[in-house]
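Raw model-v5.txt, compact mmCIF, C-alpha atoms:
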```txt
# COMPACT_ATOMS: atom_id res chain seq x y z
CA MET E 1 -46.22 -21.01 -21.83
CA HIS E 2 -47.08 -24.50 -20.58
CA SER E 3 -46.66 -25.18 -16.86
CA GLY E 4 -44.07 -27.92 -17.65
CA GLU E 5 -41.90 -25.47 -19.62
CA ALA E 6 -42.17 -22.87 -16.84
CA GLY E 7 -41.14 -25.50 -14.27
CA ALA E 8 -38.12 -26.53 -16.34
CA MET E 9 -37.08 -22.90 -16.70
CA ASN E 10 -37.40 -22.38 -12.94
CA ASP E 11 -35.24 -25.46 -12.33
CA GLN E 12 -32.63 -24.13 -14.75
CA THR E 13 -32.64 -20.70 -13.08
CA ALA E 14 -32.30 -22.26 -9.63
CA ARG E 15 -29.42 -24.44 -10.84
CA ALA E 16 -27.64 -21.44 -12.39
CA SER E 17 -28.17 -19.46 -9.20
CA SER E 18 -26.84 -22.25 -7.08
CA ILE E 19 -23.70 -22.50 -9.26
CA LYS E 20 -23.16 -18.74 -8.92
CA VAL E 21 -23.54 -18.92 -5.14
CA ALA E 22 -21.06 -21.78 -4.92
CA TRP E 23 -18.63 -20.02 -7.27
CA ARG E 24 -18.70 -16.77 -5.28
CA THR E 25 -18.24 -18.64 -2.00
CA ALA E 26 -15.32 -20.67 -3.33
CA ALA E 27 -13.65 -17.64 -4.93
CA MET E 28 -13.97 -15.56 -1.78
CA THR E 29 -12.69 -18.36 0.45
CA LEU E 30 -9.68 -19.04 -1.79
CA ILE E 31 -8.70 -15.41 -2.36
CA GLY E 32 -9.25 -14.48 1.30
CA SER E 33 -7.14 -17.44 2.45
CA TYR E 34 -4.42 -16.44 -0.01
CA PHE E 35 -4.33 -12.87 1.38
CA LEU E 36 -4.19 -14.08 4.96
CA LEU E 37 -1.76 -16.96 4.60
CA SER E 38 0.49 -16.36 1.57
CA PRO E 39 2.89 -13.87 3.30
CA VAL E 40 4.09 -16.83 5.38
CA LEU E 41 6.17 -17.88 2.32
CA PRO E 42 8.36 -14.77 1.95
CA GLN E 43 8.28 -13.68 5.59
CA VAL E 44 8.79 -17.00 7.36
CA PHE E 45 10.25 -19.35 4.74
CA ASP E 46 12.04 -16.68 2.69
CA THR E 47 10.65 -17.93 -0.62
CA GLY E 48 7.94 -17.06 -3.13
CA ARG E 49 9.10 -13.56 -4.03
CA PRO E 50 8.12 -11.65 -6.11
CA TRP E 51 4.89 -13.45 -6.88
CA VAL E 52 3.83 -13.49 -3.24
CA ARG E 53 3.81 -10.12 -1.53
CA GLN E 54 5.61 -9.68 1.75
CA TRP E 55 4.55 -6.87 4.08
CA THR E 56 7.92 -5.58 5.24
CA MET E 57 7.52 -1.88 4.74
CA PHE E 58 10.56 0.38 5.26
CA GLY E 59 12.59 -2.71 6.22
CA GLY E 60 15.49 -1.74 3.97
CA VAL E 61 15.54 1.98 4.74
CA GLY E 62 18.74 2.78 6.60
CA VAL E 63 20.77 -0.22 5.44
CA GLY E 64 24.19 1.19 4.52
CA LEU E 65 23.59 4.50 6.30
CA LEU E 66 26.24 5.88 8.66
CA LYS E 67 25.45 7.53 11.97
CA GLY E 68 28.30 8.95 14.02
CA ASP E 69 31.21 11.32 13.67
CA PHE E 70 33.92 11.78 11.12
CA PHE E 71 37.28 13.15 12.16
CA PHE E 72 39.67 14.71 9.69
CA LYS E 73 43.25 14.53 10.92
CA PRO E 74 45.33 16.83 8.70
CA THR E 75 49.05 16.24 8.18
CA GLU E 76 49.59 19.46 10.05
CA GLY E 77 47.12 21.21 12.29
CA GLU E 78 44.22 20.28 14.56
CA ILE E 79 41.75 17.43 14.17
CA ARG E 80 38.42 18.58 12.75
CA ARG E 81 35.12 16.96 13.57
CA LEU E 82 32.75 16.51 10.62
CA SER E 83 29.17 15.31 10.39
CA VAL E 84 28.19 12.49 8.06
CA LEU E 85 26.33 14.99 5.90
CA ASP E 86 29.46 17.22 5.72
CA VAL E 87 31.42 14.30 4.28
CA HIS E 88 28.64 13.52 1.84
CA GLY E 89 28.65 17.20 0.86
CA LEU E 90 24.94 17.49 1.65
CA LYS E 91 22.68 19.59 3.85
CA ARG E 92 20.01 16.86 3.83
CA TYR E 93 19.77 13.41 2.31
CA PRO E 94 17.73 13.40 -0.93
CA VAL E 95 14.61 12.22 0.89
CA THR E 96 12.24 12.73 -2.02
CA ALA E 97 14.17 10.09 -3.99
CA GLN E 98 13.98 6.40 -3.16
CA PHE E 99 16.42 5.43 -0.42
CA TYR E 100 18.02 2.60 -2.38
CA ARG E 101 18.77 4.94 -5.27
CA TYR E 102 21.18 6.93 -3.10
CA ASP E 103 24.74 6.12 -4.13
CA GLY E 104 26.40 7.14 -0.85
CA LEU E 105 25.40 4.00 1.06
CA ILE E 106 28.08 1.81 2.65
CA PHE E 107 27.75 -1.90 1.99
CA GLU E 108 31.43 -2.80 2.04
CA ASP E 109 34.76 -1.22 2.95
CA ALA E 110 35.30 -0.09 -0.64
CA ASP E 111 32.18 2.09 -0.38
CA PHE E 112 33.70 3.91 2.59
CA LEU E 113 36.98 4.44 0.72
CA ARG E 114 35.01 5.83 -2.19
CA LEU E 115 33.14 8.22 0.12
CA ALA E 116 36.40 9.38 1.72
CA ALA E 117 37.99 9.86 -1.71
CA LYS E 118 34.99 11.91 -2.78
CA TYR E 119 35.45 14.14 0.25
CA CYS E 120 39.17 14.51 -0.44
CA ALA E 121 38.52 15.41 -4.08
CA ALA E 122 35.88 17.96 -3.12
CA ASN E 123 38.28 19.52 -0.59
CA SER E 124 41.50 19.62 -2.57
CA GLU E 125 43.46 21.25 0.29
CA ALA E 126 42.63 18.21 2.48
CA GLN E 127 45.80 16.23 3.16
CA GLY E 128 45.62 13.76 5.99
CA GLU E 129 43.53 10.97 7.42
CA ILE E 130 39.77 10.50 7.67
CA LEU E 131 38.31 8.50 10.53
CA PHE E 132 34.76 7.45 11.22
CA LYS E 133 33.47 6.22 14.57
CA GLY E 134 29.85 5.32 14.92
CA ARG E 135 27.20 2.94 13.62
CA LEU E 136 26.25 1.53 10.26
CA GLY E 137 22.74 0.41 9.32
CA HIS E 138 23.10 -3.32 8.82
CA GLY E 139 20.40 -6.00 8.49
CA LYS E 140 17.57 -5.02 10.81
CA ALA E 141 19.61 -2.93 13.26
CA TRP E 142 22.83 -0.93 13.64
CA ARG E 143 26.37 -2.26 13.77
CA THR E 144 29.20 -0.43 15.54
CA VAL E 145 31.92 0.37 13.01
CA GLU E 146 35.18 2.23 12.73
CA TYR E 147 36.67 3.20 9.40
CA ARG E 148 39.92 4.86 8.52
CA SER E 149 41.19 6.18 5.21
CA ALA E 150 43.91 8.50 4.04
CA CYS E 151 43.16 11.00 1.32
CA GLY E 152 44.13 9.20 -1.88
CA ASP E 153 43.59 5.67 -0.48
CA GLU E 154 41.17 4.58 -3.17
CA SER E 155 43.64 5.12 -5.98
CA GLN E 156 46.28 2.99 -4.25
CA MET C 1 -17.99 -27.36 9.36
CA ARG C 2 -21.48 -27.00 7.94
CA LYS C 3 -21.97 -23.85 10.04
CA LEU C 4 -18.74 -22.39 8.70
CA GLY C 5 -19.81 -23.23 5.15
CA ALA C 6 -23.17 -21.53 5.67
CA LYS C 7 -21.48 -18.48 7.14
CA LEU C 8 -19.03 -18.24 4.23
CA THR C 9 -21.89 -18.66 1.76
CA HIS C 10 -23.79 -15.86 3.47
CA ILE C 11 -20.80 -13.49 3.54
CA ALA C 12 -19.81 -14.17 -0.07
CA ASN C 13 -23.35 -13.69 -1.37
CA ARG C 14 -24.76 -10.84 0.63
CA GLN C 15 -25.76 -7.67 -1.14
CA GLY C 16 -25.80 -4.04 -0.13
CA SER C 17 -25.59 -0.49 -1.37
CA SER C 18 -23.10 0.13 -4.17
CA ARG C 19 -22.28 3.68 -3.12
CA ALA C 20 -19.24 2.72 -1.02
CA ALA C 21 -17.90 0.76 -4.00
CA GLY C 22 -18.59 3.73 -6.29
CA LEU C 23 -16.62 6.06 -4.02
CA LEU C 24 -13.85 3.47 -3.69
CA ARG C 25 -13.64 3.24 -7.48
CA ILE C 26 -13.23 7.01 -7.78
CA GLY C 27 -10.59 7.12 -5.03
CA ILE C 28 -8.55 4.20 -6.36
CA ALA C 29 -8.64 5.40 -9.98
CA ALA C 30 -7.55 8.89 -8.87
CA LEU C 31 -4.70 7.44 -6.81
CA ALA C 32 -3.59 5.23 -9.73
CA LEU C 33 -3.47 8.34 -11.93
CA VAL C 34 -1.44 10.18 -9.28
CA ARG C 35 0.96 7.24 -8.83
CA TRP C 36 1.61 6.36 -12.47
CA GLY C 37 0.33 9.35 -14.45
CA GLU C 38 3.63 11.22 -14.67
CA ASP C 39 5.71 8.03 -14.96
CA VAL C 40 3.86 6.81 -18.04
CA ALA C 41 2.80 10.12 -19.62
CA LEU C 42 3.79 10.29 -23.28
CA PHE C 43 6.99 12.26 -22.62
CA ASN C 44 8.21 9.44 -20.33
CA ALA C 45 6.89 6.54 -22.43
CA ASP C 46 10.03 6.06 -24.52
CA SER C 47 10.02 2.28 -24.98
CA PRO C 48 7.77 0.29 -27.34
CA GLY C 49 6.02 -1.41 -24.41
CA LEU C 50 5.25 1.81 -22.59
CA LEU C 51 4.14 3.47 -25.83
CA ILE C 52 1.34 0.89 -25.95
CA LEU C 53 0.64 0.77 -22.21
CA SER C 54 0.66 4.55 -21.68
CA PRO C 55 -2.54 5.35 -23.64
CA LEU C 56 -4.21 2.18 -22.33
CA PHE C 57 -3.44 3.24 -18.76
CA PHE C 58 -4.89 6.71 -19.25
CA ILE C 59 -7.98 5.49 -21.12
CA PHE C 60 -8.80 2.80 -18.53
CA ALA C 61 -7.98 4.94 -15.49
CA ILE C 62 -10.01 7.92 -16.68
CA ALA C 63 -12.94 5.73 -17.76
CA MET C 64 -12.85 4.02 -14.36
CA LEU C 65 -12.70 7.38 -12.59
CA ALA C 66 -15.71 8.64 -14.52
CA GLY C 67 -17.50 5.31 -14.33
CA PHE C 68 -17.92 4.94 -18.08
CA ARG C 69 -17.95 1.33 -19.30
CA THR C 70 -16.79 0.75 -15.76
CA LYS C 71 -16.48 -3.04 -15.81
CA THR C 72 -14.28 -3.01 -18.93
CA ALA C 73 -12.24 -0.08 -17.66
CA THR C 74 -11.65 -1.66 -14.23
CA PHE C 75 -10.65 -4.98 -15.78
CA GLY C 76 -8.37 -3.23 -18.28
CA LEU C 77 -6.71 -1.13 -15.57
CA THR C 78 -6.15 -4.28 -13.47
CA LEU C 79 -4.27 -5.87 -16.37
CA VAL C 80 -2.20 -2.75 -17.04
CA LEU C 81 -1.27 -2.32 -13.36
CA GLY C 82 -0.44 -6.03 -13.20
CA VAL C 83 2.00 -5.56 -16.09
CA PHE C 84 3.48 -2.48 -14.38
CA TYR C 85 3.94 -4.31 -11.07
CA PHE C 86 5.06 -7.79 -12.15
CA LEU C 87 6.74 -7.19 -15.50
CA TYR C 88 8.22 -3.70 -15.15
CA GLY C 89 8.51 -3.64 -11.35
CA HIS C 90 9.92 -7.09 -10.72
CA ALA C 91 11.07 -8.68 -13.98
CA LEU C 92 12.57 -5.52 -15.52
CA GLY C 93 13.83 -4.03 -12.24
CA MET C 94 11.83 -0.81 -12.10
CA ALA C 95 11.85 -1.05 -8.30
CA GLU C 96 9.61 2.00 -7.72
CA TRP C 97 6.77 0.10 -9.40
CA ALA C 98 7.26 -2.98 -7.23
CA HIS C 99 6.60 -1.35 -3.87
CA HIS C 100 3.95 -2.25 -1.34
CA HIS C 101 2.03 0.94 -2.18
CA THR C 102 1.81 -0.02 -5.86
CA TYR C 103 0.81 -3.59 -4.98
CA ILE C 104 -2.03 -2.42 -2.75
CA LEU C 105 -3.30 -0.19 -5.57
CA LEU C 106 -3.17 -3.16 -7.95
CA ILE C 107 -5.03 -5.43 -5.51
CA ALA C 108 -7.67 -2.79 -4.74
CA THR C 109 -8.28 -2.27 -8.48
CA ALA C 110 -8.47 -6.03 -9.04
CA LEU C 111 -10.99 -6.50 -6.22
CA LEU C 112 -13.18 -3.68 -7.53
CA ASN C 113 -13.92 -6.04 -10.45
CA ALA C 114 -15.93 -8.09 -7.97
CA SER C 115 -17.81 -5.09 -6.62
CA PRO C 116 -20.84 -3.17 -7.92
CA CYS C 117 -18.68 -0.06 -8.39
CA GLU C 118 -20.38 0.83 -11.67
CA LYS C 119 -23.80 1.21 -10.07
CA SER C 120 -23.20 4.45 -8.17
CA TYR C 121 -21.59 7.80 -8.90
CA SER C 122 -20.82 6.85 -12.48
CA VAL C 123 -21.66 7.78 -16.06
CA ASP C 124 -22.97 4.19 -16.35
CA ARG C 125 -25.45 4.91 -13.56
CA TRP C 126 -26.57 8.11 -15.25
CA LEU C 127 -27.04 6.29 -18.58
CA ALA C 128 -29.00 3.53 -16.81
CA LEU C 129 -31.27 6.17 -15.24
CA GLN C 130 -31.84 7.77 -18.65
CA ARG C 131 -32.70 4.38 -20.16
CA ALA C 132 -35.13 3.59 -17.33
CA HIS C 133 -36.73 7.01 -17.68
CA ARG C 134 -37.21 6.61 -21.46
CA ARG C 135 -38.80 3.18 -20.99
CA GLY C 136 -40.95 4.27 -18.07
CA LEU C 137 -39.24 1.84 -15.67
CA ILE C 138 -38.24 2.40 -12.06
CA PRO C 139 -34.61 3.50 -11.59
CA PRO C 140 -32.18 0.56 -11.30
CA PRO C 141 -31.23 -0.12 -7.67
CA GLU C 142 -27.89 0.96 -6.31
CA ARG C 143 -27.17 -2.51 -4.94
CA GLY C 144 -24.84 -5.39 -5.60
CA TYR C 145 -22.66 -8.12 -4.15
CA LEU C 146 -20.28 -7.06 -1.40
CA TRP C 147 -17.67 -9.82 -1.57
CA GLY C 148 -15.15 -7.65 -3.42
CA GLN C 149 -15.31 -5.10 -0.59
CA ASP C 150 -15.05 -7.88 2.01
CA LEU C 151 -11.90 -9.16 0.30
CA ILE C 152 -10.43 -5.65 0.47
CA VAL C 153 -11.06 -5.72 4.22
CA ILE C 154 -9.37 -9.14 4.49
CA GLN C 155 -6.38 -7.83 2.54
CA MET C 156 -6.12 -4.83 4.89
CA ALA C 157 -6.21 -7.09 7.95
CA ALA C 158 -3.55 -9.38 6.43
CA LEU C 159 -1.35 -6.38 5.66
CA TYR C 160 -1.57 -5.11 9.26
CA PHE C 161 -0.93 -8.55 10.70
CA TRP C 162 2.10 -9.41 8.58
CA THR C 163 3.69 -5.99 8.89
CA ALA C 164 3.28 -6.31 12.68
CA ILE C 165 4.90 -9.76 12.53
CA ASP C 166 7.84 -8.26 10.61
CA LYS C 167 8.23 -5.62 13.33
CA THR C 168 8.00 -8.04 16.24
CA GLU C 169 11.75 -8.32 16.75
CA TRP C 170 14.25 -6.52 18.93
CA GLY C 171 15.69 -4.38 16.10
CA PHE C 172 12.33 -2.68 15.65
CA LEU C 173 11.04 -2.71 19.24
CA SER C 174 14.26 -1.16 20.54
CA GLY C 175 13.72 1.79 18.20
CA ASP C 176 16.77 0.98 16.04
CA ARG C 177 14.87 0.56 12.79
CA LEU C 178 12.82 3.70 13.34
CA GLU C 179 16.03 5.55 14.19
CA ARG C 180 17.49 4.50 10.83
CA ILE C 181 14.39 5.63 9.00
CA PHE C 182 14.48 8.99 10.78
CA GLU C 183 18.24 9.28 10.23
CA TRP C 184 17.61 9.14 6.49
CA THR C 185 14.52 11.33 6.60
CA TYR C 186 15.45 13.96 9.19
CA ALA C 187 19.26 14.29 9.28
CA GLY C 188 19.91 18.00 8.73
CA HIS C 189 16.31 18.89 9.59
CA PRO C 190 15.62 21.35 12.45
CA LEU C 191 13.66 18.64 14.31
CA TYR C 192 16.41 16.01 13.96
CA PRO C 193 17.48 16.10 17.64
CA LEU C 194 13.90 15.53 18.77
CA MET C 195 13.19 12.81 16.20
CA THR C 196 16.15 10.72 17.29
CA VAL C 197 15.60 10.63 21.07
CA LYS C 198 16.06 6.90 21.73
CA PRO C 199 13.38 6.37 24.45
CA LEU C 200 10.80 8.16 22.27
CA LEU C 201 11.75 5.99 19.29
CA ALA C 202 11.33 2.83 21.36
CA ILE C 203 7.92 3.98 22.66
CA ALA C 204 6.78 4.96 19.15
CA SER C 205 7.96 1.60 17.75
CA LEU C 206 6.10 -0.36 20.42
CA ALA C 207 2.97 1.74 19.85
CA VAL C 208 3.08 1.09 16.09
CA VAL C 209 3.34 -2.68 16.60
CA VAL C 210 0.53 -2.77 19.19
CA ILE C 211 -1.73 -0.65 16.93
CA GLU C 212 -1.01 -2.84 13.91
CA TYR C 213 -1.92 -6.03 15.78
CA TYR C 214 -5.05 -4.31 17.05
CA LEU C 215 -6.02 -3.18 13.55
CA ALA C 216 -5.41 -6.67 12.11
CA TYR C 217 -7.98 -8.07 14.51
CA ALA C 218 -10.44 -5.17 14.67
CA VAL C 219 -10.58 -4.71 10.89
CA LEU C 220 -11.13 -8.40 10.19
CA ALA C 221 -13.63 -8.90 13.02
CA ARG C 222 -15.27 -5.53 12.28
CA LYS C 223 -15.06 -4.65 15.96
CA TRP C 224 -15.30 -1.22 17.62
CA LYS C 225 -15.72 0.44 14.22
CA CYS C 226 -15.57 4.12 15.25
CA ALA C 227 -12.47 3.65 17.41
CA THR C 228 -10.83 1.46 14.77
CA MET C 229 -11.45 3.99 11.99
CA GLY C 230 -10.17 6.82 14.18
CA ILE C 231 -7.00 4.98 15.19
CA ALA C 232 -6.31 3.69 11.66
CA ILE C 233 -6.84 7.01 9.91
CA SER C 234 -4.76 8.85 12.53
CA LEU C 235 -1.94 6.32 12.11
CA HIS C 236 -1.95 6.61 8.31
CA LEU C 237 -2.14 10.41 8.44
CA LEU C 238 0.81 10.42 10.84
CA PHE C 239 2.82 8.23 8.43
CA PHE C 240 1.81 10.56 5.59
CA PHE C 241 2.85 13.62 7.62
CA MET C 242 6.19 12.24 8.77
CA LEU C 243 7.52 9.91 6.08
CA LYS C 244 7.78 9.46 2.33
CA VAL C 245 4.98 6.98 1.84
CA ASP C 246 3.96 7.84 -1.75
CA THR C 247 0.30 6.87 -2.23
CA TYR C 248 0.29 4.24 0.55
CA SER C 249 -1.41 6.21 3.35
CA ALA C 250 -3.96 7.80 1.04
CA THR C 251 -4.80 4.39 -0.46
CA MET C 252 -5.27 2.78 2.95
CA ILE C 253 -7.55 5.61 4.08
CA VAL C 254 -9.64 5.29 0.90
CA LEU C 255 -9.86 1.50 1.43
CA TYR C 256 -11.65 2.08 4.74
CA LEU C 257 -14.73 2.78 2.59
CA ALA C 258 -14.88 -1.01 2.25
CA TYR C 259 -14.86 -1.37 6.03
CA LEU C 260 -17.94 0.83 6.51
CA ASN C 261 -21.43 -0.64 6.53
CA PRO C 262 -22.45 0.14 2.92
CA ASP C 263 -26.12 0.68 3.72
CA ARG C 264 -25.42 3.02 6.61
CA LEU C 265 -23.07 4.96 4.34
CA HIS C 266 -25.85 5.06 1.74
CA ASN C 267 -28.25 6.51 4.32
CA MET C 268 -25.71 9.02 5.49
CA LEU C 269 -25.10 10.20 1.92
CA ASP C 270 -28.87 10.50 1.45
CA GLU C 271 -29.07 12.64 4.56
CA ILE C 272 -26.17 14.81 3.40
CA GLN C 273 -27.90 15.29 0.03
CA GLY C 274 -31.29 15.95 1.66
CA VAL C 275 -32.93 12.78 0.29
CA LYS C 276 -35.68 11.52 2.58
CA VAL C 277 -35.99 7.95 1.27
CA ARG C 278 -34.01 5.53 3.42
CA PRO C 279 -33.16 2.08 2.08
CA THR C 280 -32.86 -0.86 4.41
CA ASP C 281 -30.36 -0.44 7.22
CA ARG C 282 -28.69 -3.77 6.79
CA ALA C 283 -27.42 -5.90 3.97
CA ILE C 284 -29.88 -8.52 2.75
CA PRO C 285 -29.04 -11.93 1.30
CA SER C 286 -29.00 -12.07 -2.46
CA ASN C 287 -31.75 -13.53 -4.63
CA ASP C 288 -29.30 -16.20 -5.70
CA VAL C 289 -28.91 -17.44 -2.14
CA ALA C 290 -32.66 -17.43 -1.64
CA LYS C 291 -33.21 -19.32 -4.87
CA ALA C 292 -30.44 -21.79 -4.18
CA ALA C 293 -31.88 -22.44 -0.72
```

Here is a file; write its structure as structure tokens.
Amino acid sequence: MHSGEAGAMNDQTARASSIKVAWRTAAMTLIGSYFLLSPVLPQVFDTGRPWVRQWTMFGGVGVGLLKGDFFFKPTEGEIRRLSVLDVHGLKRYPVTAQFYRYDGLIFEDADFLRLAAKYCAANSEAQGEILFKGRLGHGKAWRTVEYRSACGDESQ
Amino acid sequence: MRKLGAKLTHIANRQGSSRAAGLLRIGIAALALVRWGEDVALFNADSPGLLILSPLFFIFAIAMLAGFRTKTATFGLTLVLGVFYFLYGHALGMAEWAHHHTYILLIATALLNASPCEKSYSVDRWLALQRAHRRGLIPPPERGYLWGQDLIVIQMAALYFWTAIDKTEWGFLSGDRLERIFEWTYAGHPLYPLMTVKPLLAIASLAVVVIEYYLAYAVLARKWKCATMGIAISLHLLFFFMLKVDTYSATMIVLYLAYLNPDRLHNMLDEIQGVKVRPTDRAIPSNDVAKAA
């Protein structure tokens, strides 16, 4: 190989290397900046979902969940205190399933009436009023709530 | 500005041992199989789209795990996981595939495309050694560009920072949000009374936020590595132990392979395997940088 040809090849190799270096630097800078800055869109400006990932893990777990006491006031007899799980007819929540798949969550008053009706139907001897006093998972915290429903309310 | 440019050029073009990337590849492919394997196995693939994606997923994931045609397999798996996350997860409403733990698996797989993950602990490596042996050449080096691993570290730091930002509000710091999570997870459990003690919840919430801010900085700045690894792994194991986190904790722990100094890890693995030869202790700039300079 002539020295001129070898020199040209070296120049070409150096140019190709320099392009690769610049490409890698640009790609890393752009992707790294995207990772660091892009969550500002969904988390601060509430836009960009789903294409931009927000890092708000477990933020929705507990929304619609009741915490407190149920009271069943029969037409005749003494008031009975019930746990939230008693009314749901559960020993534990189905924790191996996804939270948002659980159909016993309370997002509006109608959901509470449905839950009360379910309890009434499962306890056919229950005749009376169901009360709940406690808190409801709402937004990013709890909200104090009080619900009341008579057995058979939902069908009215 | 010029200094910053030079620093970025150095970081993006430095090379090091490929063993950390090889181990990362194995861990991420195994976790992808755990996360989606049952969901897209043939008995669950009952739509035309999944009938096509199911075999592709298994072929790419298993090839990536074994390190056979690794570059193609990693690229293929990235595309398949992208379809799972964006199309099925978001567009078609399969919410379980649109979680943060699935996204982090997708991103880790995507970034492995920019790593030398095929050069260590792979069938490709074994075939390359056989070829070199037949031709009487020296074994190919277990080295490559580290920018893919560096981007994984940046993604981890961003995740910690933005999740800490999300938690920096009274609802979380007062323990209310943690109480809701534990209400769902532990109601009816023998430890429920202990798990819902309000002062403990507030202390735990504050600790989580402080640790996440610390990790965001320490991971990105690569500071106090031993302490950072210890704190991070303990935190993720605690999440794993106490909550339903799917593959999230395991993925984050595996990703810390990208945080380690790849050449030190290489040396340590040599020592574990009784190999006396020690490669260089620190990453060296690539040939490309040298030539370009």

Can you tell me how far CA of Leu8 in chain C sits from CA of Pro140 in chain C, in Å to one decimal?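 Result for CA of Leu8 in chain C versus CA of Pro140 in chain C: 27.7 Å, one decimal.
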
Best match for closeness to chain E among C:Leu105, C:Ala221, C:Ile233, C:Ile154, counting all atoms listed in the file: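 Looking at the shortest contact to chain E, the residue is C:Ile154.
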
In Å, rounded to a single decimal, give me how far CA of Phe58 in chain E is from CA of Val84 in chain E.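 Going from CA of Val84 in chain E over to CA of Phe58 in chain E, I get 21.6 Å.
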
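The two atoms in question, CA of His101 in chain C and CA of Met252 in chain C, are spaced 9.1 Å apart.
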
Residue list for chain C near chain E as an NGL selection string, 7 Å, all atoms listed in the file: :C and (8-9 or 12-13 or 90 or 147 or 151 or 154-155 or 158-159 or 162-163 or 166 or 171 or 176-177 or 180-181 or 184-185 or 187-188 or 288-289 or 291-292)

Quick one: residues within 9 Å of range 54-58 of chain C, all atoms listed in the file, excluding same-chain residues fewer than 3 positions away - as a VMD selection string? chain C and resid 33 36 to 37 40 to 42 45 49 to 51 61 to 63 76 to 77 80 to 81

For Thr74 in chain C, work out the shell of residues within 8 Å, counting only C-alpha atoms and skipping chain neighbours fewer than 5 positions away, then give it as JSON, numbers by chain. {"C": [60, 61, 64, 109, 110, 112, 113]}

Using only C-alpha atoms, which residues sit within 9 Å of range 73-76 of chain E once same-chain residues fewer than 6 positions away are excluded, as a list in words?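 Selected residues are Ala126, Gln127, Gly128, Glu129, Ile130 and Leu131 of chain E.
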
Nearest residue to Gly134 in chain E from the set E:Leu30, E:Val52, E:Gly68, E:Ala8 (distances using all atoms listed in the file):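 Of E:Leu30, E:Val52, E:Gly68, E:Ala8, the one nearest Gly134 in chain E, counting all atoms listed in the file, is E:Gly68.
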
Leaving out Pro199 in chain C and any residue of its chain fewer than 4 positions from it, which residues lie within 12 Å of it when counting all atoms listed in the file, given as number ranges by chain? C: 173-176, 178-179, 194-195, 203-206

Residues around (33.9, -0.1, -1.5), cut-off 12 Å, counting all atoms listed in the file - what are they as a short mmCIF file (atom, residue, chain, number, x, y, z; two decimals) with C-alpha atoms, in the coordinates of the input?
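Result saved to point.cif:
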```cif
data_model
loop_
_atom_site.label_atom_id
_atom_site.label_comp_id
_atom_site.auth_asym_id
_atom_site.auth_seq_id
_atom_site.Cartn_x
_atom_site.Cartn_y
_atom_site.Cartn_z
CA GLY E 64 24.19 1.19 4.52
CA ASP E 103 24.74 6.12 -4.13
CA GLY E 104 26.40 7.14 -0.85
CA LEU E 105 25.40 4.00 1.06
CA ILE E 106 28.08 1.81 2.65
CA PHE E 107 27.75 -1.90 1.99
CA GLU E 108 31.43 -2.80 2.04
CA ASP E 109 34.76 -1.22 2.95
CA ALA E 110 35.30 -0.09 -0.64
CA ASP E 111 32.18 2.09 -0.38
CA PHE E 112 33.70 3.91 2.59
CA LEU E 113 36.98 4.44 0.72
CA ARG E 114 35.01 5.83 -2.19
CA LEU E 115 33.14 8.22 0.12
CA ALA E 116 36.40 9.38 1.72
CA ALA E 117 37.99 9.86 -1.71
CA TYR E 147 36.67 3.20 9.40
CA SER E 149 41.19 6.18 5.21
CA ASP E 153 43.59 5.67 -0.48
CA GLU E 154 41.17 4.58 -3.17
CA SER E 155 43.64 5.12 -5.98
#
```
